[in-house]
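**Student:** Quick one: structure below, then a few questions.
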Amino acid sequence: MDSIAPVAFDVARIRQDFPILSQPQARGRPLVFLDSGASAQKPRVVIDAMVRCMETAYANVHRGAYRLSELATDAYEAARGATARFINAADVREIVFTKNSTEAMNLVAHCWGRGVMQPGQAVVISELEHHANIVPWQMLRDDKGNELRVCRVNDSGELDMDDLERHLADGKVGLVAIAHMSNVLGTVTPVERIVAMAHAHGARVLLDGSQAAVHRRVDVQAIGCDFYCFTGHKLYGPTGIGVLWARLEHLDRMPPFLGGGDMIASVTFEHSTWAPSPGKFEAGTPAIIEAVGLHAAIDYVTAIGMDAIEAHERTLVDHATARLARVEGLTLLGHAQDRGGVFAFALDAAHPHDLATLLDRAGIAVRAGRHCAEPLHARFGLEGGTTRASFGLYTTTDEIDLLAQALAEAREFFR
Amino acid sequence: MDSIAPVAFDVARIRQDFPILSQPQARGRPLVFLDSGASAQKPRVVIDAMVRCMETAYANVHRGAYRLSELATDAYEAARGATARFINAADVREIVFTKNSTEAMNLVAHCWGRGVMQPGQAVVISELEHHANIVPWQMLRDDKGNELRVCRVNDSGELDMDDLERHLADGKVGLVAIAHMSNVLGTVTPVERIVAMAHAHGARVLLDGSQAAVHRRVDVQAIGCDFYCFTGHKLYGPTGIGVLWARLEHLDRMPPFLGGGDMIASVTFEHSTWAPSPGKFEAGTPAIIEAVGLHAAIDYVTAIGMDAIEAHERTLVDHATARLARVEGLTLLGHAQDRGGVFAFALDAAHPHDLATLLDRAGIAVRAGRHCAEPLHARFGLEGGTTRASFGLYTTTDEIDLLAQALAEAREFFR
Amino acid sequence: MTPSTGGQTTGLFDDLRDLYQEVILDHGRKPRNFRRLEDATATARGDNPMCGDRIELFVALAPDGNIADAAFQGRGCAISTASASLMTETVKGKTAAQAKALGATFRELAMTGTCPDCGAELADEMERLAPLSGVHEFPSRVKCATLAWHTLNAALDGTKEASSE
Amino acid sequence: MTPSTGGQTTGLFDDLRDLYQEVILDHGRKPRNFRRLEDATATARGDNPMCGDRIELFVALAPDGNIADAAFQGRGCAISTASASLMTETVKGKTAAQAKALGATFRELAMTGTCPDCGAELADEMERLAPLSGVHEFPSRVKCATLAWHTLNAALDGTKEASSE
Ligand SMILES: Cc1ncc(COP(=O)(O)O)c(C=O)c1O
Ligand SMILES: Cc1ncc(COP(=O)(O)O)c(C=O)c1O
């Protein structure tokens with residue numbers, strides 16, 4: 001079994017926290033869920049917290065003058081506090097709840113990109129971005145003319161820092177928007193260096209932490225970035241909730257996003273004024289039940305310990321790197337020095353989609369396609385897509401072995 | 001007990017479907033929840049559906065090539081189908097899931113208002129709108145210059161249809177955006193007439209159905225409107241999900257809203273193309289668990305029957321109208337002919353906030369304030385706000401009696 | 001559900017007498033210093049956007065730096081009105097610094113119900129404000145009680161506007 | 001979890017032989033008519049944005065209205081490649097209308113696994129396409145099988161582009 005995992009981290013026990021992992025799958029096979037990078041499974045504590053909220057303490061927030069509404073408001077704001085502590089935000093008002101990290105990045109593109117950044121300034125992204133960190137900046141470019149620059153990725157799947165330096169050199173860059181961890185290559189980017197370089201050239205930094213926040217401890221103050229985005233459903237929390245963290249000084253300068261209830265200070269037909277952050281960016285009834293679920297998820301991973309989770313993942317990464325290298329005909333995409341538990345690959349004999357169908361038969365859930373990173377696949381000449389296995393804190397080395405075996409058999413099947 | 005309710009509609013049995021209603025409140029009092037207009041409680045079937053999704057069938061949608069992801073995708077799309085049937089949409093692709101109805105209206109203001117409506121065209125709203133149907137059009141006006149016209153409301157709280165006609169007369173109106181039911185006055189607006197008048201003058205019609213969709217059967221084809229918005233959490237569903245319905249011809253002409261995964265057809269750094277509706281408007285991981293919950297909520301109210309729900313509510317409205325009229329010193333806001341179960345009022349001796357605190361002690365949850373309708377309160381000279389009791393399908397005439405008694409006692413308390 | 005029948009006073013709200021003490025009800029109904037001060041040297045507006053409470057505060061500072069007069073107008077619930085009324089009474093004769101210190105102490109009282117740090121020098125004033133201490137059990141009402149004091153700070157600091165959010 | 005050890009063929013995927021019949025694997029590996037048709041009279045491009053499959057279809061219509069030749073290029077999974085390959089073989093000699101009718105019938109086969117309406121006149125062709133009927137058990141793969149046929153429709157209708165979404 002998982003003999004190399006640290007004693008404190010008992011993956012067998014952790015797996016018992018996730019009801020779905022003990023659900024028998026088609027033909028009695030156990031579920032080998034290797035698609036946590038797309039969305040993670042939910043532990044019992046998250047499910048229970050949401051149920052408890054709906055059964056005992058539900059009401060709309062911020063509006064009521066009665067106990068139940070106070071309870072709900074307290075629960076919602078407690079989730080904000082837990083989120084702030086989770087990434088070591090300096091101030092709880094720096095946490096804006098969104099519906100997912102895609103909305104978080106769009107919010108920045110909309111409110112900061114259009115409202116604060118100068119018209120002539122450029123945005124730098126990289127070749128390894130998820131569409132969620134490409135398309136909002138394209139829309140900004142097409143709408144307002146802000147140039148979009150693309151930092152190269154080297155053949156190992158690492159950011160080309162010289163290229164980043166070149167893009168920054170003319171001082172025209174307003175924002176560098178980069179993934180903290182790639183959802184295809186697994187690459188963890190050198191965020192402190194990126195921030196130092198960008199700030200030295202007067203550019204702000206947004207980090208797409210959708211993947212990274214799940215895999216390691218994030219400290220936004222230590223990193224020194226300006227914006228950080230992540231999403232609840234990948235962090236073992238519910239769908240329908242994401243997080244934008246931004247320095248208060250930025251939030252204070254940004255115009256609001258959506259208009260409606262809860263984001264205003266006063267409304268007349270002639271003129272409305274805005275609530276202070278974070279209310280200004282949270283129009284309408286927020287994702288109350290989901291915030292409660294996210295809070296439980298954060299408490300859950302915090303209790304296990306992000307460092308223990310990272311250590312477990314390092315074990316998995318080392319195991320997978322070695323094990324997949326022995327699968328004949330398999331080409332791994334990305335060999336970054338610093339990488340997390342996401343492995344995209346091509347198998348010579350089988351198209352990714354066919355492969356996923358086969359693996360599914362063996363109870364192994366992997367993704368096939370371009371994983372919302374079309375340009376990255378084009379960069380590596382794999383327009384047809386890859387197959388991707390991505391790990392969660394419940395993933396075992398045994399599961400990786402099962403994957404490797406199944407891949408070898410699949411190759412035989414198609415040859 | 002509720003002897004006047006139709007036999008088929010057994011409110012006592014319905015109350016058993018809602019776990020929170022049998023939770024003992026402070027000091028052992030039963031919960032008298034009269035704030036369903038802000039957000040409704042959740043029946044067991046909704047909670048169970050969400051739990052089942054997370055425990056047995058959870059994965060990201062649209063992306064996987066494995067059974068679990070297919071199950072989740074089917075469940076998500078089945079929710080879309082159920083929503084389409086619920087409001088009798090002609091085509092399931094006309095249903096766009098948003099995070100709440102506030103986002104639905106912002107989406108229209110953003111994509112249709114900025115992308116399709118002509119720059120010189122005006123938007124007509126009314127005095128009885130919720131901030132969610134005011135602020136997005138103000139932002140459009142301030143951003144793009146589209147004039148904002150405000151249709152008057154008469155002293156009974158009904159739309160002044162002559163004033164609407166006057167606003168439409170010059171043919172410059174691109175959109176009439178009106179609540180189907182007021183969240184303060186209870187007024188149900190004459191939507192078929194509004195549509196006929198607006199269309200005769202070349203204007204499109206958006207209906208804010210956040211309240212109405214909960215209280216009666218909605219048939220968007222029969223109404224003939226162009227856009228219809230509502231929100232899951234008021235319809236006994238979870239937070240984090242709302243609905244925009246729009247005619248396909250409008251959606252097809254609208255540019256996308258947020259950029260990211262799932263809303264694209266193809267992405268290169270130079271140029272991206274968009275998925276067809278509804279995908280184009282649903283960037284990022286959607287509210288999967290919440291869609292499943294909304295589906296269960298729709299099935300729940302459909303099984304009871306929207307007509308039965310409306311009939312029960314009519315009983316409650318008649319009862320409340322008569323009963324509250326007998327409370328000395330109480331002034332009711334709104335006396336529309338056609339109205340739903342929302343009662344906002346002022347009590348001479350007590351400020352709304354004090355009143356809500358008192359009622360809360362009696363276990364009665366009501367709202368105090370301006371209910372996200374500041375201009376409407378100003379229109380009626382009640383800048384200080386009102387107290388509001390709003391009903392759900394679990395509300396009983398007994399609860400209304402309790403409210404009336406408590407109001408009378410509260411008046412004594414403060415006099 | 002079985003409603004208690006009849007409309008006779010059953011003392012449904014009796015245990016709210018802690019929050020709504022007679023002093024509060026009295027000041028809420030008949031606020032003192034409820035007027036515009038024509039010779040104000042400092043003014044500010046305070047808003048509680050959530051419930052619509054609003055006060056306009058007027059302070060007249062004497063040449064010696066003491067608060068010669070304080071008054072207010074506006075609309076609000078019994079708690080916020082009573083708090084503003086009691087405040088205007090209490091701060092008269094204080095220096096700006098004393099008034100602000102009193103406000104800080106009062107905010108602690110409103111939030112916690114006690115005031116371990118209350119120095120002896122504020123004992124009289126705090127006794128006067130004590131009837132408001134019941135709000136600490138009603139988290140959503142604390143800001144009703146503190147709005148006037150936030151507004152006083154804004155007036156004394158010259159920031160003109162306060163929001164109790 | 002106890003993994004089955006060793007890498008020897010245990011027949012893990014044996015029951016997928018229904019989906020991946022030998023004909024499919026063969027056409028998937030060595031697609032027929034996999035080339036550009038220089039004298040094409042109709043072409044179209046088909047995309048499946050979800051998985052990145054893409055085909056370019058070439059059709060040469062003879063003066064008598066029959067499909068004289070059909071060919072394709074592109075990238076895709078075994079199912080979509082085999083389907084395109086089989087399609088180009090099957091439609092040769094058909095009129096445009098016949099080819100479209102065949103496509104409609106095939107789509108039904110792919111979605112349901114059966115084809116109650118299959119007329120006797122299409123019996124031969126459908127037998128040829130029958131190996132693809134296994135996809136109906138794999139909802140997410142149905143569009144792989146039908147992409148080529150959607151693209152054929154687009155080519156014959158002159159719309160140039162098809163998307164299998
Ligand atoms: C009439 C009306 N419109 C819009 C809304 C906004 O709904 P949500 O907060 O779910 O976006 C509400 C409820 O708050 C409402 O009552
Ligand atoms: C790196 C990265 N960025 C952004 C996203 C978008 O997250 P969401 O779909 O929750 O908005 C994802 C996941 O899909 C991701 O992996």
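As shown in the structure tokens, the chain order sets the letters A, B, ...; within each chain, residues go from 1, and ligands are also counted from 1 in the order they appear.
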Could you tell me, as a count of residues only, which residues of range 27-117 of chain C DSSP assigns to strand (DSSP E) when given the backbone?

**Tutor:** 25

**Student:** What's the 7 Å shell around range 196-213 of chain B, counting only C-alpha atoms, without same-chain residues fewer than 5 positions away, as a list in words?

**Tutor:**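 Surrounding residues, per the criterion: Gly37, Ser101, Leu168, Gly171, Val173, Gly174, Leu175, Val176, Ala177, Ile178, Ala179, His180, Met181, Ser182, Asn183, Val218, Cys225, Asp226, Phe227, Tyr228, Cys229, Phe230 and Thr231 of chain B.
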
**Student:** Write the selection just made, keeping N, CA, C and O atoms, as an mmCIF file, in the first residue's frame?

**Tutor:**
data_model
loop_
_atom_site.group_PDB
_atom_site.id
_atom_site.type_symbol
_atom_site.label_atom_id
_atom_site.label_comp_id
_atom_site.auth_asym_id
_atom_site.auth_seq_id
_atom_site.Cartn_x
_atom_site.Cartn_y
_atom_site.Cartn_z
ATOM 1 N N GLY B 37 -39.914 35.796 0.426
ATOM 2 C CA GLY B 37 -39.655 36.685 -0.704
ATOM 3 C C GLY B 37 -38.180 37.014 -0.839
ATOM 4 O O GLY B 37 -37.683 37.274 -1.941
ATOM 5 N N SER B 101 -30.658 35.869 -10.333
ATOM 6 C CA SER B 101 -31.353 36.640 -11.363
ATOM 7 C C SER B 101 -30.684 37.991 -11.575
ATOM 8 O O SER B 101 -30.797 38.583 -12.638
ATOM 9 N N LEU B 168 -43.282 55.181 -24.473
ATOM 10 C CA LEU B 168 -43.040 54.412 -25.696
ATOM 11 C C LEU B 168 -43.318 55.234 -26.956
ATOM 12 O O LEU B 168 -42.844 54.891 -28.048
ATOM 13 N N GLY B 171 -41.084 56.055 -30.044
ATOM 14 C CA GLY B 171 -40.464 54.968 -30.808
ATOM 15 C C GLY B 171 -38.976 54.795 -30.556
ATOM 16 O O GLY B 171 -38.294 54.059 -31.263
ATOM 17 N N VAL B 173 -37.642 53.661 -27.754
ATOM 18 C CA VAL B 173 -37.358 52.692 -26.687
ATOM 19 C C VAL B 173 -36.923 51.347 -27.283
ATOM 20 O O VAL B 173 -37.606 50.798 -28.141
ATOM 21 N N GLY B 174 -35.798 50.858 -26.835
ATOM 22 C CA GLY B 174 -35.315 49.557 -27.294
ATOM 23 C C GLY B 174 -35.776 48.426 -26.391
ATOM 24 O O GLY B 174 -35.983 47.301 -26.849
ATOM 25 N N LEU B 175 -35.933 48.744 -25.108
ATOM 26 C CA LEU B 175 -36.256 47.680 -24.152
ATOM 27 C C LEU B 175 -37.127 48.215 -23.027
ATOM 28 O O LEU B 175 -36.872 49.283 -22.484
ATOM 29 N N VAL B 176 -38.148 47.438 -22.700
ATOM 30 C CA VAL B 176 -38.930 47.677 -21.491
ATOM 31 C C VAL B 176 -38.562 46.568 -20.508
ATOM 32 O O VAL B 176 -38.703 45.389 -20.826
ATOM 33 N N ALA B 177 -38.051 46.968 -19.357
ATOM 34 C CA ALA B 177 -37.590 45.981 -18.361
ATOM 35 C C ALA B 177 -38.386 46.185 -17.081
ATOM 36 O O ALA B 177 -38.212 47.181 -16.377
ATOM 37 N N ILE B 178 -39.275 45.255 -16.784
ATOM 38 C CA ILE B 178 -40.257 45.438 -15.707
ATOM 39 C C ILE B 178 -40.344 44.159 -14.878
ATOM 40 O O ILE B 178 -40.225 43.061 -15.413
ATOM 41 N N ALA B 179 -40.601 44.351 -13.598
ATOM 42 C CA ALA B 179 -40.829 43.186 -12.743
ATOM 43 C C ALA B 179 -42.190 42.564 -13.068
ATOM 44 O O ALA B 179 -43.176 43.278 -13.246
ATOM 45 N N HIS B 180 -42.217 41.242 -13.106
ATOM 46 C CA HIS B 180 -43.486 40.543 -13.293
ATOM 47 C C HIS B 180 -44.287 40.618 -11.987
ATOM 48 O O HIS B 180 -45.511 40.631 -12.014
ATOM 49 N N MET B 181 -43.566 40.656 -10.887
ATOM 50 C CA MET B 181 -44.235 40.848 -9.591
ATOM 51 C C MET B 181 -43.299 41.632 -8.689
ATOM 52 O O MET B 181 -42.103 41.332 -8.616
ATOM 53 N N SER B 182 -43.853 42.635 -8.011
ATOM 54 C CA SER B 182 -43.039 43.474 -7.134
ATOM 55 C C SER B 182 -42.705 42.749 -5.844
ATOM 56 O O SER B 182 -43.566 42.109 -5.242
ATOM 57 N N ASN B 183 -41.477 42.895 -5.406
ATOM 58 C CA ASN B 183 -41.063 42.248 -4.156
ATOM 59 C C ASN B 183 -41.419 43.087 -2.927
ATOM 60 O O ASN B 183 -41.054 42.734 -1.815
ATOM 61 N N VAL B 218 -45.793 30.264 -15.140
ATOM 62 C CA VAL B 218 -45.266 31.218 -16.113
ATOM 63 C C VAL B 218 -45.148 30.515 -17.457
ATOM 64 O O VAL B 218 -44.602 29.414 -17.544
ATOM 65 N N CYS B 225 -42.966 37.664 -24.131
ATOM 66 C CA CYS B 225 -41.830 38.537 -23.838
ATOM 67 C C CYS B 225 -40.572 38.057 -24.548
ATOM 68 O O CYS B 225 -40.566 37.009 -25.202
ATOM 69 N N ASP B 226 -39.506 38.830 -24.405
ATOM 70 C CA ASP B 226 -38.250 38.500 -25.069
ATOM 71 C C ASP B 226 -37.222 37.910 -24.119
ATOM 72 O O ASP B 226 -36.408 37.080 -24.525
ATOM 73 N N PHE B 227 -37.235 38.373 -22.874
ATOM 74 C CA PHE B 227 -36.296 37.901 -21.852
ATOM 75 C C PHE B 227 -37.080 37.664 -20.568
ATOM 76 O O PHE B 227 -37.961 38.461 -20.231
ATOM 77 N N TYR B 228 -36.731 36.612 -19.863
ATOM 78 C CA TYR B 228 -37.378 36.344 -18.573
ATOM 79 C C TYR B 228 -36.298 35.861 -17.611
ATOM 80 O O TYR B 228 -35.512 34.979 -17.949
ATOM 81 N N CYS B 229 -36.259 36.453 -16.416
ATOM 82 C CA CYS B 229 -35.210 36.114 -15.447
ATOM 83 C C CYS B 229 -35.827 35.624 -14.146
ATOM 84 O O CYS B 229 -36.797 36.207 -13.667
ATOM 85 N N PHE B 230 -35.255 34.592 -13.580
ATOM 86 C CA PHE B 230 -35.627 34.240 -12.214
ATOM 87 C C PHE B 230 -34.468 33.564 -11.498
ATOM 88 O O PHE B 230 -33.382 33.410 -12.063
ATOM 89 N N THR B 231 -34.697 33.195 -10.245
ATOM 90 C CA THR B 231 -33.569 32.842 -9.390
ATOM 91 C C THR B 231 -33.914 31.604 -8.560
ATOM 92 O O THR B 231 -35.044 31.463 -8.084
#

**Student:** Determine the nearest neighbour of ligand 1 from the options A:Gly381, A:Gly334, A:Pro375, A:Pro286, counting only C-alpha atoms and all ligand atoms.

**Tutor:**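 Using only C-alpha atoms and all ligand atoms, ligand 1 sits closest to A:Pro286.
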
**Student:** For the contact check between chain C and chain A, emit one row per residue of chain C within 12 Å, containing the shortest atom pair and the distance in Å rounded to one decimal, counting only C-alpha atoms, chain then rising number order, as JSON lines.

**Tutor:**
{"residue": "C:Asp47", "atom": "CA", "partner": "A:Ala265", "partner_atom": "CA", "distance": 8.9}
{"residue": "C:Asn48", "atom": "CA", "partner": "A:Ala265", "partner_atom": "CA", "distance": 8.7}
{"residue": "C:Pro49", "atom": "CA", "partner": "A:Ala265", "partner_atom": "CA", "distance": 5.5}
{"residue": "C:Met50", "atom": "CA", "partner": "A:Arg63", "partner_atom": "CA", "distance": 7.1}
{"residue": "C:Cys51", "atom": "CA", "partner": "A:Arg63", "partner_atom": "CA", "distance": 8.5}
{"residue": "C:Gly52", "atom": "CA", "partner": "A:Ser266", "partner_atom": "CA", "distance": 9.0}
{"residue": "C:Asp53", "atom": "CA", "partner": "A:Ser266", "partner_atom": "CA", "distance": 11.7}
{"residue": "C:Arg54", "atom": "CA", "partner": "A:Ser266", "partner_atom": "CA", "distance": 11.7}
{"residue": "C:Glu137", "atom": "CA", "partner": "A:Arg67", "partner_atom": "CA", "distance": 10.8}
{"residue": "C:Phe138", "atom": "CA", "partner": "A:Arg67", "partner_atom": "CA", "distance": 8.6}
{"residue": "C:Pro139", "atom": "CA", "partner": "A:Glu70", "partner_atom": "CA", "distance": 7.7}
{"residue": "C:Ser140", "atom": "CA", "partner": "A:Ala65", "partner_atom": "CA", "distance": 6.6}
{"residue": "C:Arg141", "atom": "CA", "partner": "A:Ala65", "partner_atom": "CA", "distance": 8.3}
{"residue": "C:Val142", "atom": "CA", "partner": "A:Ala65", "partner_atom": "CA", "distance": 11.7}
{"residue": "C:Cys144", "atom": "CA", "partner": "A:Ala65", "partner_atom": "CA", "distance": 11.8}
{"residue": "C:Ala162", "atom": "CA", "partner": "A:Ala265", "partner_atom": "CA", "distance": 11.8}
{"residue": "C:Ser163", "atom": "CA", "partner": "A:Ala265", "partner_atom": "CA", "distance": 9.1}
{"residue": "C:Ser164", "atom": "CA", "partner": "A:Ala265", "partner_atom": "CA", "distance": 10.7}
{"residue": "C:Glu165", "atom": "CA", "partner": "A:Ala275", "partner_atom": "CA", "distance": 8.8}

**Student:** Which residue gives the smallest distance to chain A among B:His131, B:Arg411, B:Arg141, B:Arg13, with only C-alpha atoms counted?

**Tutor:** B:His131

**Student:** When you count only C-alpha atoms and all ligand atoms, which of these residues is closest to ligand 2: A:Val317, A:Val195, A:Cys372, A:Ala40?

**Tutor:**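 Answer, going by the shortest atom-to-atom distance: A:Cys372.
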
**Student:** So which residues touch range 298-313 of chain B within 6 Å, counting only C-alpha atoms, skipping near sequence neighbours fewer than 6 positions away, as a ChimeraX atom specification?

**Tutor:** /B:215-217

**Student:** Filtering to C-alpha atoms, could you give me those residues as a CSV table (one decimal), in the first residue's frame?

**Tutor:**
chain,number,residue,atom,x,y,z
B,215,HIS,CA,-46.0,32.2,-7.2
B,216,ARG,CA,-47.7,31.3,-10.4
B,217,ARG,CA,-47.4,29.4,-13.6

**Student:** What lies within 12 Å of Lys92 in chain D using only C-alpha atoms, ignoring chain neighbours under 3 positions off, as a ChimeraX atom specification?

**Tutor:** /D:33,58-62,65-71,85-89,95-96,98-99,102,125

**Student:** Do me a favour and pick out the residues of chain B within 7 Å of chain A, using only C-alpha atoms, as JSON, numbers by chain.

**Tutor:** {"B": [19, 20, 23, 38, 39, 41, 42, 47, 51, 54, 55, 56, 58, 59, 60, 64, 65, 66, 67, 99, 100, 102, 103, 106, 131, 132, 133, 135, 136, 239, 240, 258, 259, 260, 261, 267, 268, 269, 283, 284, 285, 286, 287, 288, 289, 353, 356, 357, 360, 365, 367, 368, 372, 374, 375]}

**Student:** Write out as a PyMOL selection string each polymer residue whose atoms come within 12 Å of Phe380 in chain B, counting only C-alpha atoms; drop sequence neighbours fewer than 2 positions from it.

**Tutor:** chain B and resi 127-128+152-157+184-185+331-334+344-346+370+373-378+382-386

**Student:** Range 67-236 of chain A: which residues are alpha helix (DSSP H) by DSSP, as a PyMOL selection string?

**Tutor:** chain A and resi 67-86+101-107+135-144+161-168+191-200+212-215+220-223

**Student:** Need the shell around Thr81 in chain C: protein/DNA/RNA residues with any atom at most 8 Å away, counting only C-alpha atoms. Skip same-chain ones fewer than 3 positions apart. Format as a PyMOL selection string?

**Tutor:** chain C and resi 27-28+31+75-78+84-85

**Student:** Write the residues of the selection above to a file with N, CA and C atoms, as a PDB file, in the first residue's frame.

**Tutor:**
ATOM      1  N   HIS C  27     -36.403  58.268  24.906  1.00  0.00           N
ATOM      2  CA  HIS C  27     -35.543  59.035  23.988  1.00  0.00           C
ATOM      3  C   HIS C  27     -35.872  58.732  22.528  1.00  0.00           C
ATOM      4  N   GLY C  28     -36.333  57.508  22.290  1.00  0.00           N
ATOM      5  CA  GLY C  28     -36.701  57.148  20.915  1.00  0.00           C
ATOM      6  C   GLY C  28     -37.940  57.905  20.472  1.00  0.00           C
ATOM      7  N   PRO C  31     -36.838  62.426  21.130  1.00  0.00           N
ATOM      8  CA  PRO C  31     -35.388  62.662  21.165  1.00  0.00           C
ATOM      9  C   PRO C  31     -35.056  64.076  21.642  1.00  0.00           C
ATOM     10  N   ARG C  75     -33.668  60.259  10.596  1.00  0.00           N
ATOM     11  CA  ARG C  75     -34.687  59.235  10.808  1.00  0.00           C
ATOM     12  C   ARG C  75     -33.985  57.966  11.238  1.00  0.00           C
ATOM     13  N   GLY C  76     -34.666  57.192  12.021  1.00  0.00           N
ATOM     14  CA  GLY C  76     -34.025  55.959  12.459  1.00  0.00           C
ATOM     15  C   GLY C  76     -34.915  55.208  13.421  1.00  0.00           C
ATOM     16  N   CYS C  77     -34.444  54.077  13.814  1.00  0.00           N
ATOM     17  CA  CYS C  77     -35.198  53.236  14.730  1.00  0.00           C
ATOM     18  C   CYS C  77     -35.075  53.795  16.147  1.00  0.00           C
ATOM     19  N   ALA C  78     -35.766  53.187  17.070  1.00  0.00           N
ATOM     20  CA  ALA C  78     -35.726  53.650  18.457  1.00  0.00           C
ATOM     21  C   ALA C  78     -34.305  53.625  19.001  1.00  0.00           C
ATOM     22  N   ALA C  84     -28.491  58.580  19.561  1.00  0.00           N
ATOM     23  CA  ALA C  84     -28.084  59.921  19.135  1.00  0.00           C
ATOM     24  C   ALA C  84     -28.517  60.948  20.184  1.00  0.00           C
ATOM     25  N   SER C  85     -29.714  60.770  20.683  1.00  0.00           N
ATOM     26  CA  SER C  85     -30.245  61.701  21.676  1.00  0.00           C
ATOM     27  C   SER C  85     -29.374  61.698  22.944  1.00  0.00           C
TER      28      SER C  85
END

**Student:** What is the CA of Glu147 in chain A to CA of Gln121 in chain A distance in Å?

**Tutor:**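 Here the two named atoms are 7.0 Å from each other.
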
**Student:** Quick one: residues within 6 Å of Trp149 in chain C, only C-alpha atoms counted, chain neighbours fewer than 3 positions away excluded, as a ChimeraX atom specification?

**Tutor:** /C:103,146,152

**Student:** Those same residues - all heavy atoms - I'd like them written as an mmCIF file, in the first residue's frame.

**Tutor:**
data_model
loop_
_atom_site.group_PDB
_atom_site.id
_atom_site.type_symbol
_atom_site.label_atom_id
_atom_site.label_comp_id
_atom_site.auth_asym_id
_atom_site.auth_seq_id
_atom_site.Cartn_x
_atom_site.Cartn_y
_atom_site.Cartn_z
ATOM 1 N N GLY C 103 -16.753 57.736 22.920
ATOM 2 C CA GLY C 103 -17.342 56.958 21.811
ATOM 3 C C GLY C 103 -16.711 55.592 21.709
ATOM 4 O O GLY C 103 -17.396 54.576 21.511
ATOM 5 N N THR C 146 -24.407 52.490 17.332
ATOM 6 C CA THR C 146 -23.103 53.151 17.162
ATOM 7 C C THR C 146 -23.099 54.186 16.039
ATOM 8 O O THR C 146 -22.133 54.940 15.914
ATOM 9 C CB THR C 146 -22.004 52.112 16.895
ATOM 10 O OG1 THR C 146 -22.380 51.323 15.767
ATOM 11 C CG2 THR C 146 -21.791 51.198 18.094
ATOM 12 N N LEU C 152 -20.302 61.287 14.906
ATOM 13 C CA LEU C 152 -19.599 62.286 15.722
ATOM 14 C C LEU C 152 -18.108 62.305 15.366
ATOM 15 O O LEU C 152 -17.516 63.375 15.180
ATOM 16 C CB LEU C 152 -19.782 61.978 17.212
ATOM 17 C CG LEU C 152 -19.046 62.924 18.180
ATOM 18 C CD1 LEU C 152 -19.592 64.356 18.072
ATOM 19 C CD2 LEU C 152 -19.142 62.444 19.632
#
